[in-house]
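Visitor: Got a structure here, written out as structure tokens. Questions coming.
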Amino acid sequence: MRARTRLLCALSTVLVATAATAYGMLPAGAAVTVNLDDPTKKDVAMQIVSAAENSSLDWRAQFRYIEDIEDGRGYTAGIIGFCSGTGDMLELVEAYTATKPGNVLAKYLPALRSVDGTDSHAGLDPNFPADWRTAAADPVFQAAQESERDRVYFNPSVRDGKSDGVRALGQFIYYDAAVMHGYEGMRSIRTRALRKAKPPAQGGTETAWLNAFLDERVAEMKKEEAHSDTTRVDTAQRVFLRNGNLDLNTPLDFSVYGDSFHIG
């Protein structure tokens, strides 16, 4: 039923675009805007974030990633950088355990609750990283990582981008900010950007608004030594914006932290 529904939706999109072209509402060959939550666009977004977070476009290889990057957030792990010190790792392991009680990480829940808000490894060392990597081979844990990524970061960011009237690139810019600074951190960046520009939904131009947002994003990044390298903005997101690629269409060529990437 779901596959049939997706097929009908895809056919409807084609028919609407064809009819619009036929009646002069769209020029021939005009592209239909696709949001970031389209599966193909979403995969591109995951690749760009993985390039910045893990120096690899293979985001699915990052389920097992875990290390302390010494940014004051304790362990950073998984496909989106869940942190032991910021609560999202705790929520992830709680969600995993609710689905699969007795999993290899469940025994760390008391410690994760204790270290929340700190960079401490108390109760986690020495075996937590190895157990995380063991859990990462479990499809249930992989599904939990994707679900929490979407619930906490991706879905709210895309929703806000749509509300502000920005297309896939703008939605990605919001999402990447939420990944690094948390969803509320992204909203704070947006609030500061509103002092300088307005999003399209409020009568502003899309490019000016996104530049204002990225200006505030860079300022926020420079407040922390661990995030002070702003190339994920300067040589990736700014490049797409300067090229007028507001729909985040491939191919994409960009660099992050000195590494070059191509998404075809």
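FYI, nothing fancy with the structure tokens labels: chains A, B, ... in order, residues from 1 per chain, ligands from 1 as they appear.
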Per DSSP on the backbone, what are the alpha helix (DSSP H) residues of region 164-223 of chain A, as a PDB file with N, CA and C atoms, in the first residue's frame?
Guide:
ATOM      1  N   ASP A 164       9.605  29.146   6.481  1.00  0.00           N
ATOM      2  CA  ASP A 164      10.287  30.394   6.126  1.00  0.00           C
ATOM      3  C   ASP A 164      10.340  30.631   4.625  1.00  0.00           C
ATOM      4  N   ALA A 168      15.408  23.679  -0.799  1.00  0.00           N
ATOM      5  CA  ALA A 168      16.206  22.581  -0.233  1.00  0.00           C
ATOM      6  C   ALA A 168      17.530  23.049   0.358  1.00  0.00           C
ATOM      7  N   LEU A 169      18.216  23.990  -0.301  1.00  0.00           N
ATOM      8  CA  LEU A 169      19.490  24.466   0.251  1.00  0.00           C
ATOM      9  C   LEU A 169      19.273  25.136   1.596  1.00  0.00           C
ATOM     10  N   GLY A 170      18.298  26.011   1.689  1.00  0.00           N
ATOM     11  CA  GLY A 170      18.016  26.676   2.954  1.00  0.00           C
ATOM     12  C   GLY A 170      17.605  25.700   4.033  1.00  0.00           C
ATOM     13  N   GLN A 171      16.804  24.707   3.649  1.00  0.00           N
ATOM     14  CA  GLN A 171      16.416  23.676   4.610  1.00  0.00           C
ATOM     15  C   GLN A 171      17.644  22.916   5.098  1.00  0.00           C
ATOM     16  N   PHE A 172      18.590  22.663   4.186  1.00  0.00           N
ATOM     17  CA  PHE A 172      19.825  22.001   4.596  1.00  0.00           C
ATOM     18  C   PHE A 172      20.656  22.897   5.513  1.00  0.00           C
ATOM     19  N   ILE A 173      20.735  24.170   5.193  1.00  0.00           N
ATOM     20  CA  ILE A 173      21.492  25.103   6.028  1.00  0.00           C
ATOM     21  C   ILE A 173      20.947  25.109   7.453  1.00  0.00           C
ATOM     22  N   TYR A 174      19.640  25.084   7.599  1.00  0.00           N
ATOM     23  CA  TYR A 174      19.028  24.992   8.929  1.00  0.00           C
ATOM     24  C   TYR A 174      19.417  23.672   9.598  1.00  0.00           C
ATOM     25  N   TYR A 175      19.317  22.596   8.850  1.00  0.00           N
ATOM     26  CA  TYR A 175      19.591  21.267   9.404  1.00  0.00           C
ATOM     27  C   TYR A 175      21.036  21.147   9.869  1.00  0.00           C
ATOM     28  N   ASP A 176      21.972  21.598   9.050  1.00  0.00           N
ATOM     29  CA  ASP A 176      23.377  21.487   9.433  1.00  0.00           C
ATOM     30  C   ASP A 176      23.668  22.308  10.681  1.00  0.00           C
ATOM     31  N   ALA A 177      23.031  23.456  10.805  1.00  0.00           N
ATOM     32  CA  ALA A 177      23.203  24.266  12.016  1.00  0.00           C
ATOM     33  C   ALA A 177      22.645  23.527  13.235  1.00  0.00           C
ATOM     34  N   ALA A 178      21.516  22.855  13.066  1.00  0.00           N
ATOM     35  CA  ALA A 178      20.925  22.106  14.179  1.00  0.00           C
ATOM     36  C   ALA A 178      21.810  20.939  14.594  1.00  0.00           C
ATOM     37  N   VAL A 179      22.455  20.305  13.620  1.00  0.00           N
ATOM     38  CA  VAL A 179      23.353  19.194  13.925  1.00  0.00           C
ATOM     39  C   VAL A 179      24.472  19.647  14.853  1.00  0.00           C
ATOM     40  N   MET A 180      25.058  20.799  14.577  1.00  0.00           N
ATOM     41  CA  MET A 180      26.192  21.272  15.364  1.00  0.00           C
ATOM     42  C   MET A 180      25.770  21.963  16.652  1.00  0.00           C
ATOM     43  N   HIS A 181      24.731  22.784  16.592  1.00  0.00           N
ATOM     44  CA  HIS A 181      24.390  23.654  17.719  1.00  0.00           C
ATOM     45  C   HIS A 181      23.136  23.228  18.462  1.00  0.00           C
ATOM     46  N   TYR A 183      18.897  21.939  17.942  1.00  0.00           N
ATOM     47  CA  TYR A 183      17.771  22.601  17.291  1.00  0.00           C
ATOM     48  C   TYR A 183      17.522  23.979  17.887  1.00  0.00           C
ATOM     49  N   GLU A 184      17.567  24.090  19.209  1.00  0.00           N
ATOM     50  CA  GLU A 184      17.348  25.398  19.824  1.00  0.00           C
ATOM     51  C   GLU A 184      18.470  26.363  19.473  1.00  0.00           C
ATOM     52  N   GLY A 185      19.689  25.836  19.320  1.00  0.00           N
ATOM     53  CA  GLY A 185      20.791  26.682  18.881  1.00  0.00           C
ATOM     54  C   GLY A 185      20.561  27.222  17.486  1.00  0.00           C
ATOM     55  N   MET A 186      20.031  26.362  16.600  1.00  0.00           N
ATOM     56  CA  MET A 186      19.694  26.820  15.259  1.00  0.00           C
ATOM     57  C   MET A 186      18.646  27.919  15.303  1.00  0.00           C
ATOM     58  N   ARG A 187      17.655  27.754  16.166  1.00  0.00           N
ATOM     59  CA  ARG A 187      16.604  28.764  16.278  1.00  0.00           C
ATOM     60  C   ARG A 187      17.160  30.090  16.800  1.00  0.00           C
ATOM     61  N   SER A 188      18.160  30.009  17.687  1.00  0.00           N
ATOM     62  CA  SER A 188      18.786  31.237  18.184  1.00  0.00           C
ATOM     63  C   SER A 188      19.550  31.951  17.072  1.00  0.00           C
ATOM     64  N   ILE A 189      20.216  31.184  16.239  1.00  0.00           N
ATOM     65  CA  ILE A 189      20.908  31.764  15.082  1.00  0.00           C
ATOM     66  C   ILE A 189      19.896  32.456  14.172  1.00  0.00           C
ATOM     67  N   ARG A 190      18.775  31.806  13.938  1.00  0.00           N
ATOM     68  CA  ARG A 190      17.723  32.384  13.103  1.00  0.00           C
ATOM     69  C   ARG A 190      17.211  33.690  13.703  1.00  0.00           C
ATOM     70  N   THR A 191      17.019  33.716  15.017  1.00  0.00           N
ATOM     71  CA  THR A 191      16.527  34.926  15.681  1.00  0.00           C
ATOM     72  C   THR A 191      17.484  36.091  15.466  1.00  0.00           C
ATOM     73  N   ARG A 192      18.780  35.833  15.579  1.00  0.00           N
ATOM     74  CA  ARG A 192      19.761  36.900  15.368  1.00  0.00           C
ATOM     75  C   ARG A 192      19.794  37.346  13.911  1.00  0.00           C
ATOM     76  N   ALA A 193      19.629  36.390  12.982  1.00  0.00           N
ATOM     77  CA  ALA A 193      19.621  36.733  11.564  1.00  0.00           C
ATOM     78  C   ALA A 193      18.438  37.626  11.204  1.00  0.00           C
ATOM     79  N   GLU A 206      15.494  35.194  -0.833  1.00  0.00           N
ATOM     80  CA  GLU A 206      16.038  33.952  -0.302  1.00  0.00           C
ATOM     81  C   GLU A 206      17.557  34.027  -0.110  1.00  0.00           C
ATOM     82  N   THR A 207      18.265  34.544  -1.098  1.00  0.00           N
ATOM     83  CA  THR A 207      19.724  34.600  -1.020  1.00  0.00           C
ATOM     84  C   THR A 207      20.186  35.521   0.103  1.00  0.00           C
ATOM     85  N   ALA A 208      19.584  36.700   0.212  1.00  0.00           N
ATOM     86  CA  ALA A 208      19.966  37.633   1.277  1.00  0.00           C
ATOM     87  C   ALA A 208      19.689  37.034   2.648  1.00  0.00           C
ATOM     88  N   TRP A 209      18.574  36.364   2.789  1.00  0.00           N
ATOM     89  CA  TRP A 209      18.236  35.756   4.066  1.00  0.00           C
ATOM     90  C   TRP A 209      19.229  34.662   4.447  1.00  0.00           C
ATOM     91  N   LEU A 210      19.558  33.795   3.498  1.00  0.00           N
ATOM     92  CA  LEU A 210      20.463  32.699   3.814  1.00  0.00           C
ATOM     93  C   LEU A 210      21.869  33.204   4.102  1.00  0.00           C
ATOM     94  N   ASN A 211      22.288  34.263   3.413  1.00  0.00           N
ATOM     95  CA  ASN A 211      23.586  34.865   3.730  1.00  0.00           C
ATOM     96  C   ASN A 211      23.589  35.429   5.149  1.00  0.00           C
ATOM     97  N   ALA A 212      22.511  36.070   5.544  1.00  0.00           N
ATOM     98  CA  ALA A 212      22.416  36.611   6.904  1.00  0.00           C
ATOM     99  C   ALA A 212      22.447  35.477   7.928  1.00  0.00           C
ATOM    100  N   PHE A 213      21.735  34.400   7.634  1.00  0.00           N
ATOM    101  CA  PHE A 213      21.731  33.246   8.543  1.00  0.00           C
ATOM    102  C   PHE A 213      23.135  32.670   8.666  1.00  0.00           C
ATOM    103  N   LEU A 214      23.829  32.491   7.541  1.00  0.00           N
ATOM    104  CA  LEU A 214      25.168  31.917   7.578  1.00  0.00           C
ATOM    105  C   LEU A 214      26.155  32.844   8.277  1.00  0.00           C
ATOM    106  N   ASP A 215      25.974  34.149   8.151  1.00  0.00           N
ATOM    107  CA  ASP A 215      26.822  35.085   8.898  1.00  0.00           C
ATOM    108  C   ASP A 215      26.712  34.830  10.395  1.00  0.00           C
ATOM    109  N   GLU A 216      25.489  34.655  10.863  1.00  0.00           N
ATOM    110  CA  GLU A 216      25.277  34.399  12.284  1.00  0.00           C
ATOM    111  C   GLU A 216      25.749  33.003  12.672  1.00  0.00           C
ATOM    112  N   ARG A 217      25.626  32.054  11.770  1.00  0.00           N
ATOM    113  CA  ARG A 217      26.128  30.699  12.021  1.00  0.00           C
ATOM    114  C   ARG A 217      27.643  30.717  12.215  1.00  0.00           C
ATOM    115  N   VAL A 218      28.343  31.424  11.351  1.00  0.00           N
ATOM    116  CA  VAL A 218      29.800  31.515  11.457  1.00  0.00           C
ATOM    117  C   VAL A 218      30.193  32.182  12.777  1.00  0.00           C
ATOM    118  N   ALA A 219      29.495  33.229  13.142  1.00  0.00           N
ATOM    119  CA  ALA A 219      29.790  33.913  14.405  1.00  0.00           C
ATOM    120  C   ALA A 219      29.607  32.961  15.581  1.00  0.00           C
ATOM    121  N   GLU A 220      28.580  32.126  15.517  1.00  0.00           N
ATOM    122  CA  GLU A 220      28.338  31.161  16.584  1.00  0.00           C
ATOM    123  C   GLU A 220      29.438  30.104  16.628  1.00  0.00           C
ATOM    124  N   MET A 221      29.865  29.625  15.482  1.00  0.00           N
ATOM    125  CA  MET A 221      30.908  28.612  15.433  1.00  0.00           C
ATOM    126  C   MET A 221      32.211  29.120  16.035  1.00  0.00           C
TER     127      MET A 221
END
Visitor: Excluding region 109-117 of chain A and any residue of its chain fewer than 2 positions from it, enumerate the residues within 10 Å of it, using only C-alpha atoms, and give them as an NGL selection string.
Guide: :A and (72-74 or 83-91 or 93-94 or 97 or 105-107 or 119-125)
Visitor: Might you pull out every residue within 12 Å of region 48-55 of chain A, with only C-alpha atoms counted and same-chain residues fewer than 3 positions away left off, and present them as a PyMOL selection string?
Guide: chain A and resi 41-45+58-67+69+76-82+154+169+172-180+227+229-237+240+248+250+252-263
Visitor: CA of Tyr96 (chain A) and CA of Phe141 (chain A) are how many Å apart?
Guide: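 The value is 6.0 Å.
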Visitor: Using only C-alpha atoms, which of the listed residues (A:Lys223, A:Arg167, A:Arg242, A:Arg159) sits closest to Asn35 (chain A)?
Guide: A:Arg167
